[in-house]
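Asks: First the structure, which I've put down as structure tokens, then a few questions once you've had a look.
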Amino acid sequence: MSKRIPGIIVLIGAQWGDEGKGKGADIEAEEAAVVARFQGGPNAGHTLVVNGKKVVLHQVPSGILHPKPICLLGGGMVIDMAKLAGEIQGLVDLHTPRARERILIAKNAHLILPIHCIIDAFMDRDNRIGTTKAGIGPTYADKHYRTGLRAGDILLPNFEERVQAHCRQHVEEKPALAEAIRVAGSADFEQKQQKFLEACRNLRQHICDAVDFINTALERGETILAEGAQGTLLDIDHGNYPFVTGSNSTIGGVCTGLGVPISAIERVIGIAKAYTTRVGSGPFPTELQNDIGTLLQERGGEFGATTGRPRRCGWLDIPQLKFANRINGFTEIQLTKLDILDTLEEIMVCTGYSVGGAPVTASSVMNRLEDITPQYVTLPGWRKNTCGVRSFADLPKAAQGYVEWIQEQLGVPVTEIGIGPGREHNISR
Ligand code: IMP
């Protein structure tokens with residue numbers, strides 16, 4: 001009987017995505033045999049700075065920048081093969097060691113077809129949700145309609161016909177789509193379709209039985225890093241519905257997305273920014289539509305890695321983090337971008353929500369965050385540059401106090417603190 005050793009380390013965004021998971025994953029990936037994405041698709045964007053070079057990864061797990069890990073695009077993902085082909089080429093151009101050999105695609109991951117991007121843009125034409133227009137929602141919808149195409153289908157002899165049939169079916173069922181394709185330019189659409197098919201042909205050797213692969217690695221006692229995309233408040237079930245993404249970005253998504261038992265999960269790392277940001281539409285209780293919001297946006301470079309959209313900025317929200325902790329069961333927190341607060345005299349933090357004067361929990365109002373009034377405490381700023389600091393003890397006292405206060409509020413240790421964009425700009429404690 002083979003003994004299963006818990007070996008999965010999970011990284012999950014505790015807020016609205018863009019918490020800096022890429023950097024956390026990059027650090028944790030060093031020792032991992034496998035780094036796996038379990039949900040989402042090219043709506044994610046991880047910006048990493050390695051040896052001064054900026055790298056943006058959308059679908060390939062961050063572990064690829066280390067020489068060792070196998071990088072798995074898991075079955076819970078929706079994959080845009082044309083974009084993936086471009087991303088892999090970019091990694092090859094960066095001389096990433098054995099980039100092609102180390103990328104695997106789960107056969108049960110769903111394929112984003114060009115038609116899904118048209119549907120996404122069409123359905124969200126008024127920016128009601130503010131999606132990334134990357135085809136995420138429509139691809140997950142087809143998965144649940146049980147009409148979707150999966151990576152394993154690429155290996156079937158009639159794959160191309162199935163793609164054409166799938167596309168025809170969409171257009172027949174939704175006549176407005178034919179018009180949307182016409183507006184997008186049907187020649188352009190046909191070109192995208194061909195590019196998609198070509199990418200599928202070129203990437204077919206990466207397709208694997210991911211459940212077998214990952215469980216065999218676990219049985220060998222290897223460490224697996226499960227890298228989340230988006231964040232807890234964008235989870236399709238637990239987030240701020242309907243302003244959410246199409247997948248489970250919380251802990252449950254690891255088991256369903258990778259096909260691993262819950263008992264294999266060893267650590268759950270919550271990634272939280274030292275303040276809060278949100279892209280897309282939807283309520284944002286601690287949003288700062290003032291000079292401080294602009295300062296956070298500019299100092300933090302808060303522009304979407306995927307869409308380039310400016311991110312809305314606000315104070316840290318403790319009820320939101322407590323909610324994220326309840327759902328995910330964080331064993332530790334990595335706090336990112338503390339240095340962005342360096343110039344502030346005072347820092348406000350939301351400690352509670354109320355409706356009509358009565359206190360409420362974040363979970364009870366998750367679908368009507370626009371109705372709540374946030375309660376704040378004001379903490380002292382430190383007004384010192386923290387970027388070169390190497391140890392917790394060398395941080396200004398008020399910065400240490402800010403970190404310790406957050407830790408106390410959540411009852412979870414803050415183990416890593418980000419104080420700059422590079423790998424070296426991190427304090428472990
Ligand atoms: P979708 O995932 O493209 O369907 O977009 C749904 C919502 O999730 C929109 O508000 C997006 O802005 C947001 N979203 C999707 N991916 C990310 C991400 O990686 N970071 C932050 N927000 C995201």
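Going by the structure tokens order, chains are called A, B, ..., each with residues numbered from 1, while ligands are numbered from 1 in the order shown.
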Neighbours of ligand 1 within 9 Å, counting only C-alpha atoms and all ligand atoms, as a compact mmCIF listing (two decimals) with all heavy atoms, in the first residue's frame?
Replies:
```txt
# COMPACT_ATOMS: atom_id res chain seq x y z
N TRP A 16 -9.26 40.78 -3.77
CA TRP A 16 -9.91 40.79 -5.07
C TRP A 16 -8.95 40.45 -6.22
O TRP A 16 -9.09 40.96 -7.32
CB TRP A 16 -10.51 42.17 -5.32
CG TRP A 16 -11.97 42.23 -5.00
CD1 TRP A 16 -12.96 41.53 -5.59
CD2 TRP A 16 -12.61 43.04 -4.00
NE1 TRP A 16 -14.18 41.84 -5.03
CE2 TRP A 16 -13.99 42.77 -4.06
CE3 TRP A 16 -12.14 43.98 -3.08
CZ2 TRP A 16 -14.90 43.40 -3.24
CZ3 TRP A 16 -13.05 44.60 -2.26
CH2 TRP A 16 -14.42 44.30 -2.34
N GLY A 17 -7.97 39.60 -5.96
CA GLY A 17 -6.98 39.31 -6.98
C GLY A 17 -5.89 40.37 -6.97
O GLY A 17 -5.97 41.36 -6.23
N ASP A 18 -4.83 40.12 -7.75
CA ASP A 18 -3.72 41.06 -7.88
C ASP A 18 -3.01 41.32 -6.55
O ASP A 18 -2.47 42.41 -6.33
CB ASP A 18 -4.19 42.40 -8.47
CG ASP A 18 -4.98 42.21 -9.74
OD1 ASP A 18 -4.55 41.39 -10.57
OD2 ASP A 18 -6.02 42.87 -9.90
N GLU A 19 -3.02 40.34 -5.66
CA GLU A 19 -2.39 40.54 -4.34
C GLU A 19 -0.87 40.37 -4.41
O GLU A 19 -0.18 40.62 -3.41
CB GLU A 19 -2.93 39.51 -3.31
CG GLU A 19 -4.40 39.63 -3.00
CD GLU A 19 -5.24 38.74 -3.92
OE1 GLU A 19 -4.68 38.20 -4.91
OE2 GLU A 19 -6.44 38.60 -3.67
N GLY A 40 -9.17 29.17 -13.39
CA GLY A 40 -8.97 30.41 -14.14
C GLY A 40 -8.26 30.17 -15.45
O GLY A 40 -8.04 29.02 -15.87
N GLY A 41 -7.89 31.24 -16.10
CA GLY A 41 -7.22 31.14 -17.39
C GLY A 41 -6.40 32.39 -17.63
O GLY A 41 -5.79 32.91 -16.69
N PRO A 42 -6.44 32.91 -18.86
CA PRO A 42 -5.61 34.09 -19.15
C PRO A 42 -6.21 35.40 -18.62
O PRO A 42 -5.75 36.48 -18.99
CB PRO A 42 -5.53 34.09 -20.68
CG PRO A 42 -6.74 33.39 -21.12
CD PRO A 42 -7.10 32.39 -20.06
N ASN A 43 -7.22 35.30 -17.77
CA ASN A 43 -7.69 36.49 -17.05
C ASN A 43 -6.68 36.88 -15.97
O ASN A 43 -6.65 38.01 -15.51
CB ASN A 43 -9.08 36.29 -16.43
CG ASN A 43 -9.25 34.97 -15.68
OD1 ASN A 43 -8.41 34.09 -15.77
ND2 ASN A 43 -10.34 34.84 -14.96
N ALA A 44 -5.86 35.92 -15.57
CA ALA A 44 -4.83 36.20 -14.56
C ALA A 44 -3.62 36.82 -15.22
O ALA A 44 -3.38 36.64 -16.41
CB ALA A 44 -4.43 34.90 -13.88
N GLY A 45 -2.86 37.52 -14.44
CA GLY A 45 -1.60 38.06 -14.94
C GLY A 45 -0.66 38.20 -13.77
O GLY A 45 -0.94 38.91 -12.83
N HIS A 46 0.41 37.44 -13.80
CA HIS A 46 1.39 37.52 -12.72
C HIS A 46 2.60 38.29 -13.24
O HIS A 46 3.26 37.84 -14.17
CB HIS A 46 1.83 36.13 -12.28
CG HIS A 46 0.77 35.39 -11.52
ND1 HIS A 46 0.87 34.05 -11.21
CD2 HIS A 46 -0.38 35.81 -10.98
CE1 HIS A 46 -0.20 33.69 -10.53
NE2 HIS A 46 -0.97 34.73 -10.39
N HIS A 58 0.50 34.67 -17.84
CA HIS A 58 -0.96 34.65 -17.77
C HIS A 58 -1.51 33.26 -17.48
O HIS A 58 -2.47 33.12 -16.75
CB HIS A 58 -1.57 35.19 -19.07
CG HIS A 58 -1.23 36.63 -19.30
ND1 HIS A 58 -1.84 37.64 -18.60
CD2 HIS A 58 -0.32 37.23 -20.10
CE1 HIS A 58 -1.35 38.81 -18.99
NE2 HIS A 58 -0.41 38.58 -19.89
N ASP A 120 -17.95 36.77 -24.67
CA ASP A 120 -17.60 37.50 -23.44
C ASP A 120 -17.73 39.01 -23.68
O ASP A 120 -18.39 39.73 -22.90
CB ASP A 120 -16.16 37.13 -23.04
CG ASP A 120 -15.85 37.46 -21.59
OD1 ASP A 120 -16.74 37.95 -20.88
OD2 ASP A 120 -14.69 37.22 -21.17
N ARG A 128 -20.92 45.67 -17.35
CA ARG A 128 -21.68 45.46 -16.11
C ARG A 128 -20.79 44.75 -15.07
O ARG A 128 -20.74 45.13 -13.91
CB ARG A 128 -22.92 44.60 -16.39
CG ARG A 128 -23.86 44.44 -15.22
CD ARG A 128 -25.11 43.67 -15.62
NE ARG A 128 -24.84 42.26 -15.82
CZ ARG A 128 -25.01 41.30 -14.89
NH1 ARG A 128 -25.46 41.64 -13.70
NH2 ARG A 128 -24.75 40.04 -15.14
N ILE A 129 -20.07 43.73 -15.53
CA ILE A 129 -19.17 43.01 -14.63
C ILE A 129 -17.75 43.55 -14.79
O ILE A 129 -16.95 43.53 -13.86
CB ILE A 129 -19.17 41.49 -14.94
CG1 ILE A 129 -20.60 40.93 -14.95
CG2 ILE A 129 -18.28 40.69 -13.98
CD1 ILE A 129 -21.32 40.97 -13.63
N GLY A 130 -17.45 44.05 -15.98
CA GLY A 130 -16.08 44.50 -16.23
C GLY A 130 -15.15 43.32 -16.38
O GLY A 130 -14.05 43.30 -15.81
N THR A 131 -15.57 42.30 -17.16
CA THR A 131 -14.71 41.11 -17.31
C THR A 131 -13.45 41.47 -18.11
O THR A 131 -13.38 42.54 -18.71
CB THR A 131 -15.43 39.95 -18.05
OG1 THR A 131 -15.51 40.28 -19.44
CG2 THR A 131 -16.82 39.68 -17.50
N THR A 132 -12.53 40.53 -18.12
CA THR A 132 -11.28 40.75 -18.86
C THR A 132 -11.49 40.51 -20.37
O THR A 132 -10.56 40.69 -21.14
CB THR A 132 -10.18 39.81 -18.36
OG1 THR A 132 -10.66 38.46 -18.49
CG2 THR A 132 -9.84 40.08 -16.90
N LYS A 133 -12.66 40.07 -20.75
CA LYS A 133 -13.02 39.76 -22.16
C LYS A 133 -12.13 38.65 -22.73
O LYS A 133 -11.92 38.56 -23.94
CB LYS A 133 -12.92 41.01 -23.06
CG LYS A 133 -13.53 42.30 -22.48
CD LYS A 133 -15.04 42.28 -22.43
CE LYS A 133 -15.63 43.61 -21.98
NZ LYS A 133 -15.69 43.85 -20.54
N ALA A 134 -11.61 37.83 -21.84
CA ALA A 134 -10.72 36.75 -22.28
C ALA A 134 -11.47 35.45 -22.55
O ALA A 134 -10.86 34.42 -22.80
CB ALA A 134 -9.63 36.53 -21.23
N GLY A 135 -12.80 35.50 -22.47
CA GLY A 135 -13.60 34.31 -22.79
C GLY A 135 -13.80 33.37 -21.61
O GLY A 135 -14.24 32.23 -21.78
N ILE A 136 -13.48 33.84 -20.41
CA ILE A 136 -13.50 32.95 -19.24
C ILE A 136 -14.92 32.46 -18.93
O ILE A 136 -15.17 31.24 -18.90
CB ILE A 136 -12.92 33.71 -18.00
CG1 ILE A 136 -11.55 34.31 -18.31
CG2 ILE A 136 -12.92 32.80 -16.77
CD1 ILE A 136 -10.46 33.36 -18.66
N GLY A 137 -15.83 33.40 -18.67
CA GLY A 137 -17.20 33.03 -18.28
C GLY A 137 -17.86 32.12 -19.31
O GLY A 137 -18.39 31.05 -18.96
N PRO A 138 -17.86 32.50 -20.61
CA PRO A 138 -18.52 31.64 -21.60
C PRO A 138 -17.91 30.24 -21.70
O PRO A 138 -18.62 29.27 -21.95
CB PRO A 138 -18.33 32.42 -22.91
CG PRO A 138 -18.21 33.85 -22.47
CD PRO A 138 -17.47 33.80 -21.16
N ALA A 229 -5.31 31.74 -8.87
CA ALA A 229 -5.41 32.98 -9.64
C ALA A 229 -6.66 33.71 -9.15
O ALA A 229 -7.50 33.12 -8.48
CB ALA A 229 -5.51 32.66 -11.12
N GLN A 230 -6.76 35.00 -9.48
CA GLN A 230 -7.84 35.84 -8.95
C GLN A 230 -7.79 35.81 -7.41
O GLN A 230 -6.75 35.53 -6.85
CB GLN A 230 -9.22 35.44 -9.48
CG GLN A 230 -9.42 35.69 -10.97
CD GLN A 230 -8.82 34.63 -11.86
OE1 GLN A 230 -9.08 33.46 -11.69
NE2 GLN A 230 -8.03 35.04 -12.83
N GLY A 231 -8.89 36.08 -6.74
CA GLY A 231 -8.84 36.12 -5.27
C GLY A 231 -10.16 35.64 -4.68
O GLY A 231 -11.13 35.40 -5.41
N LEU A 234 -13.50 37.04 -5.64
CA LEU A 234 -13.92 36.83 -7.03
C LEU A 234 -14.40 35.39 -7.25
O LEU A 234 -14.73 35.00 -8.37
CB LEU A 234 -12.77 37.14 -7.99
CG LEU A 234 -12.38 38.61 -8.12
CD1 LEU A 234 -11.12 38.76 -8.98
CD2 LEU A 234 -13.50 39.44 -8.74
N ASP A 235 -14.45 34.61 -6.18
CA ASP A 235 -14.88 33.20 -6.29
C ASP A 235 -16.34 33.15 -6.76
O ASP A 235 -17.20 33.87 -6.24
CB ASP A 235 -14.75 32.54 -4.91
CG ASP A 235 -15.11 31.07 -4.93
OD1 ASP A 235 -16.32 30.74 -4.88
OD2 ASP A 235 -14.18 30.25 -4.97
N PRO A 242 -22.81 39.28 -8.44
CA PRO A 242 -22.35 38.67 -9.69
C PRO A 242 -21.00 39.21 -10.18
O PRO A 242 -20.58 38.87 -11.28
CB PRO A 242 -23.45 39.09 -10.67
CG PRO A 242 -23.86 40.46 -10.20
CD PRO A 242 -23.74 40.41 -8.70
N PHE A 243 -20.33 40.03 -9.37
CA PHE A 243 -19.08 40.65 -9.84
C PHE A 243 -17.91 39.70 -9.56
O PHE A 243 -16.98 40.05 -8.82
CB PHE A 243 -18.88 42.00 -9.16
CG PHE A 243 -20.06 42.92 -9.35
CD1 PHE A 243 -20.99 43.10 -8.34
CD2 PHE A 243 -20.26 43.58 -10.56
CE1 PHE A 243 -22.09 43.93 -8.53
CE2 PHE A 243 -21.35 44.39 -10.76
CZ PHE A 243 -22.28 44.57 -9.75
N VAL A 244 -17.98 38.53 -10.11
CA VAL A 244 -17.01 37.48 -9.79
C VAL A 244 -16.50 36.85 -11.09
O VAL A 244 -17.02 37.12 -12.17
CB VAL A 244 -17.68 36.39 -8.92
CG1 VAL A 244 -18.02 36.92 -7.55
CG2 VAL A 244 -18.93 35.82 -9.60
N THR A 245 -15.52 35.99 -10.95
CA THR A 245 -15.03 35.26 -12.12
C THR A 245 -15.80 33.93 -12.25
O THR A 245 -16.73 33.68 -11.49
CB THR A 245 -13.50 35.07 -12.04
OG1 THR A 245 -13.05 34.56 -13.29
CG2 THR A 245 -13.09 34.12 -10.91
N GLY A 246 -15.41 33.10 -13.21
CA GLY A 246 -16.21 31.91 -13.50
C GLY A 246 -15.80 30.66 -12.74
O GLY A 246 -16.35 29.58 -12.99
N SER A 247 -14.85 30.77 -11.82
CA SER A 247 -14.33 29.54 -11.19
C SER A 247 -14.21 29.69 -9.68
O SER A 247 -14.38 30.77 -9.13
CB SER A 247 -12.95 29.23 -11.77
OG SER A 247 -12.04 30.26 -11.45
N THR A 277 -7.06 46.43 -3.51
CA THR A 277 -7.34 46.93 -4.87
C THR A 277 -8.43 46.07 -5.49
O THR A 277 -8.66 44.93 -5.08
CB THR A 277 -6.09 46.85 -5.78
OG1 THR A 277 -5.64 45.50 -5.88
CG2 THR A 277 -4.97 47.74 -5.28
N ARG A 278 -9.08 46.65 -6.48
CA ARG A 278 -10.08 45.89 -7.23
C ARG A 278 -10.07 46.39 -8.68
O ARG A 278 -10.02 47.60 -8.91
CB ARG A 278 -11.46 46.12 -6.61
CG ARG A 278 -12.57 45.43 -7.37
CD ARG A 278 -13.91 45.37 -6.67
NE ARG A 278 -14.62 44.26 -7.30
CZ ARG A 278 -15.79 43.77 -6.96
NH1 ARG A 278 -16.44 44.30 -5.95
NH2 ARG A 278 -16.33 42.76 -7.59
N VAL A 279 -10.13 45.46 -9.65
CA VAL A 279 -10.36 45.86 -11.05
C VAL A 279 -11.74 45.39 -11.46
O VAL A 279 -12.25 44.43 -10.91
CB VAL A 279 -9.36 45.28 -12.08
CG1 VAL A 279 -8.27 46.24 -12.41
CG2 VAL A 279 -8.81 43.95 -11.67
N GLY A 280 -12.28 46.04 -12.44
CA GLY A 280 -13.62 45.66 -12.87
C GLY A 280 -14.67 46.37 -12.03
O GLY A 280 -14.35 47.19 -11.16
N SER A 281 -15.92 46.01 -12.28
CA SER A 281 -17.02 46.71 -11.62
C SER A 281 -17.34 46.05 -10.29
O SER A 281 -16.78 45.03 -9.93
CB SER A 281 -18.26 46.65 -12.51
OG SER A 281 -17.91 47.05 -13.81
N GLY A 282 -18.28 46.68 -9.57
CA GLY A 282 -18.75 46.11 -8.31
C GLY A 282 -18.38 46.96 -7.11
O GLY A 282 -17.47 47.78 -7.19
N GLY A 304 -3.75 46.82 -14.32
CA GLY A 304 -3.92 45.38 -14.56
C GLY A 304 -2.84 44.80 -15.46
O GLY A 304 -2.54 45.37 -16.51
N ALA A 305 -2.28 43.63 -15.04
CA ALA A 305 -1.25 42.97 -15.85
C ALA A 305 -1.85 42.39 -17.12
O ALA A 305 -1.15 42.20 -18.12
CB ALA A 305 -0.60 41.86 -15.03
N THR A 306 -3.15 42.11 -17.13
CA THR A 306 -3.78 41.50 -18.30
C THR A 306 -4.42 42.53 -19.21
O THR A 306 -4.26 42.50 -20.42
CB THR A 306 -4.84 40.47 -17.83
OG1 THR A 306 -4.18 39.50 -17.03
CG2 THR A 306 -5.52 39.77 -18.99
N THR A 307 -5.15 43.47 -18.60
CA THR A 307 -5.92 44.41 -19.42
C THR A 307 -5.32 45.82 -19.41
O THR A 307 -5.75 46.66 -20.20
CB THR A 307 -7.36 44.52 -18.89
OG1 THR A 307 -7.29 44.95 -17.52
CG2 THR A 307 -8.08 43.19 -18.96
N ARG A 309 -5.92 47.95 -17.29
CA ARG A 309 -6.88 48.87 -16.65
C ARG A 309 -6.34 49.34 -15.30
O ARG A 309 -5.73 48.54 -14.57
CB ARG A 309 -8.21 48.15 -16.38
CG ARG A 309 -8.97 47.80 -17.62
CD ARG A 309 -10.27 47.10 -17.27
NE ARG A 309 -10.06 45.77 -16.73
CZ ARG A 309 -11.04 44.95 -16.33
NH1 ARG A 309 -12.29 45.35 -16.39
NH2 ARG A 309 -10.78 43.76 -15.87
N ARG A 311 -6.26 49.91 -11.49
CA ARG A 311 -6.96 49.22 -10.39
C ARG A 311 -7.47 50.26 -9.40
O ARG A 311 -6.78 51.23 -9.10
CB ARG A 311 -6.00 48.28 -9.66
CG ARG A 311 -5.51 47.16 -10.54
CD ARG A 311 -4.55 46.25 -9.77
NE ARG A 311 -3.96 45.28 -10.67
CZ ARG A 311 -2.69 44.90 -10.64
NH1 ARG A 311 -1.86 45.41 -9.74
NH2 ARG A 311 -2.23 44.01 -11.49
```
Asks: Just list as a PyMOL selection string whatever in range 289-369 of chain A DSSP marks as strand (DSSP E or B).
Replies: chain A and resi 303+310+312-314+316-317+332-336+346-355+358-360
Asks: Which is closer to Leu72 in chain A than all the others in A:Ala226, A:Leu11, A:Leu113, A:Leu203, using only C-alpha atoms?
Replies: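 Comparing A:Ala226, A:Leu11, A:Leu113, A:Leu203 against Leu72 in chain A, the winner is A:Ala226.
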Asks: Name the closest residue to Leu341 in chain A among the candidates A:Trp382, A:Phe159, A:Phe196, A:Phe38; distances are taken between atoms, counting only C-alpha atoms.
Replies: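 Looking only at the distances to Leu341 in chain A, the closest residue turns out to be A:Trp382.
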Asks: What does the structure give for the distance between CA of Pro310 in chain A and CA of Ile419 in chain A, in Å to one decimal?
Replies: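 Spanning CA of Pro310 in chain A to CA of Ile419 in chain A is a straight-line distance of 21.3 Å.
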Asks: Let's see if you can do this: from backbone DSSP, list all alpha helix (DSSP H) residues in range 296-369 of chain A, as a PyMOL selection string.
Replies: chain A and resi 296-299+318-328
Asks: Gln59 in chain A: which residues within 12 Å, counting only C-alpha atoms, same-chain residues fewer than 2 positions away excluded, as a ChimeraX atom specification?
Replies: /A:22,35-47,56-57,61-64,71-74,77-88,103-105,134,227-229,306
Asks: Which residue is closest to Gln205 in chain A? Choose from A:Arg100, A:Gln164, A:Leu177, A:Leu149 and count only C-alpha atoms.
Replies: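 Once distances to Gln205 in chain A are computed over only C-alpha atoms, the minimum belongs to A:Arg100.
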Asks: Can you tell me how far CA of Glu302 in chain A sits from CA of Asp124 in chain A, in Å to one decimal?
Replies: 22.9 Å
Asks: Leaving out range 346-354 of chain A and any residue of its chain fewer than 6 positions from it, which residues lie within 8 Å of it when counting only C-alpha atoms, given as a list in words?
Replies: Thr286, Trp315, Leu316, Asp317, Ile318, Pro319, Val360, Thr361, Ala362, Ile372, Thr373, Pro374, Gln375, Tyr376, Val377, Thr378, Leu379, Pro380 and Gly381 of chain A
Asks: What does the structure give for the distance between CA of Glu404 in chain A and CA of Ser428 in chain A, in Å to one decimal?
Replies: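 About the pair CA of Glu404 in chain A and CA of Ser428 in chain A: they are 13.7 Å apart.
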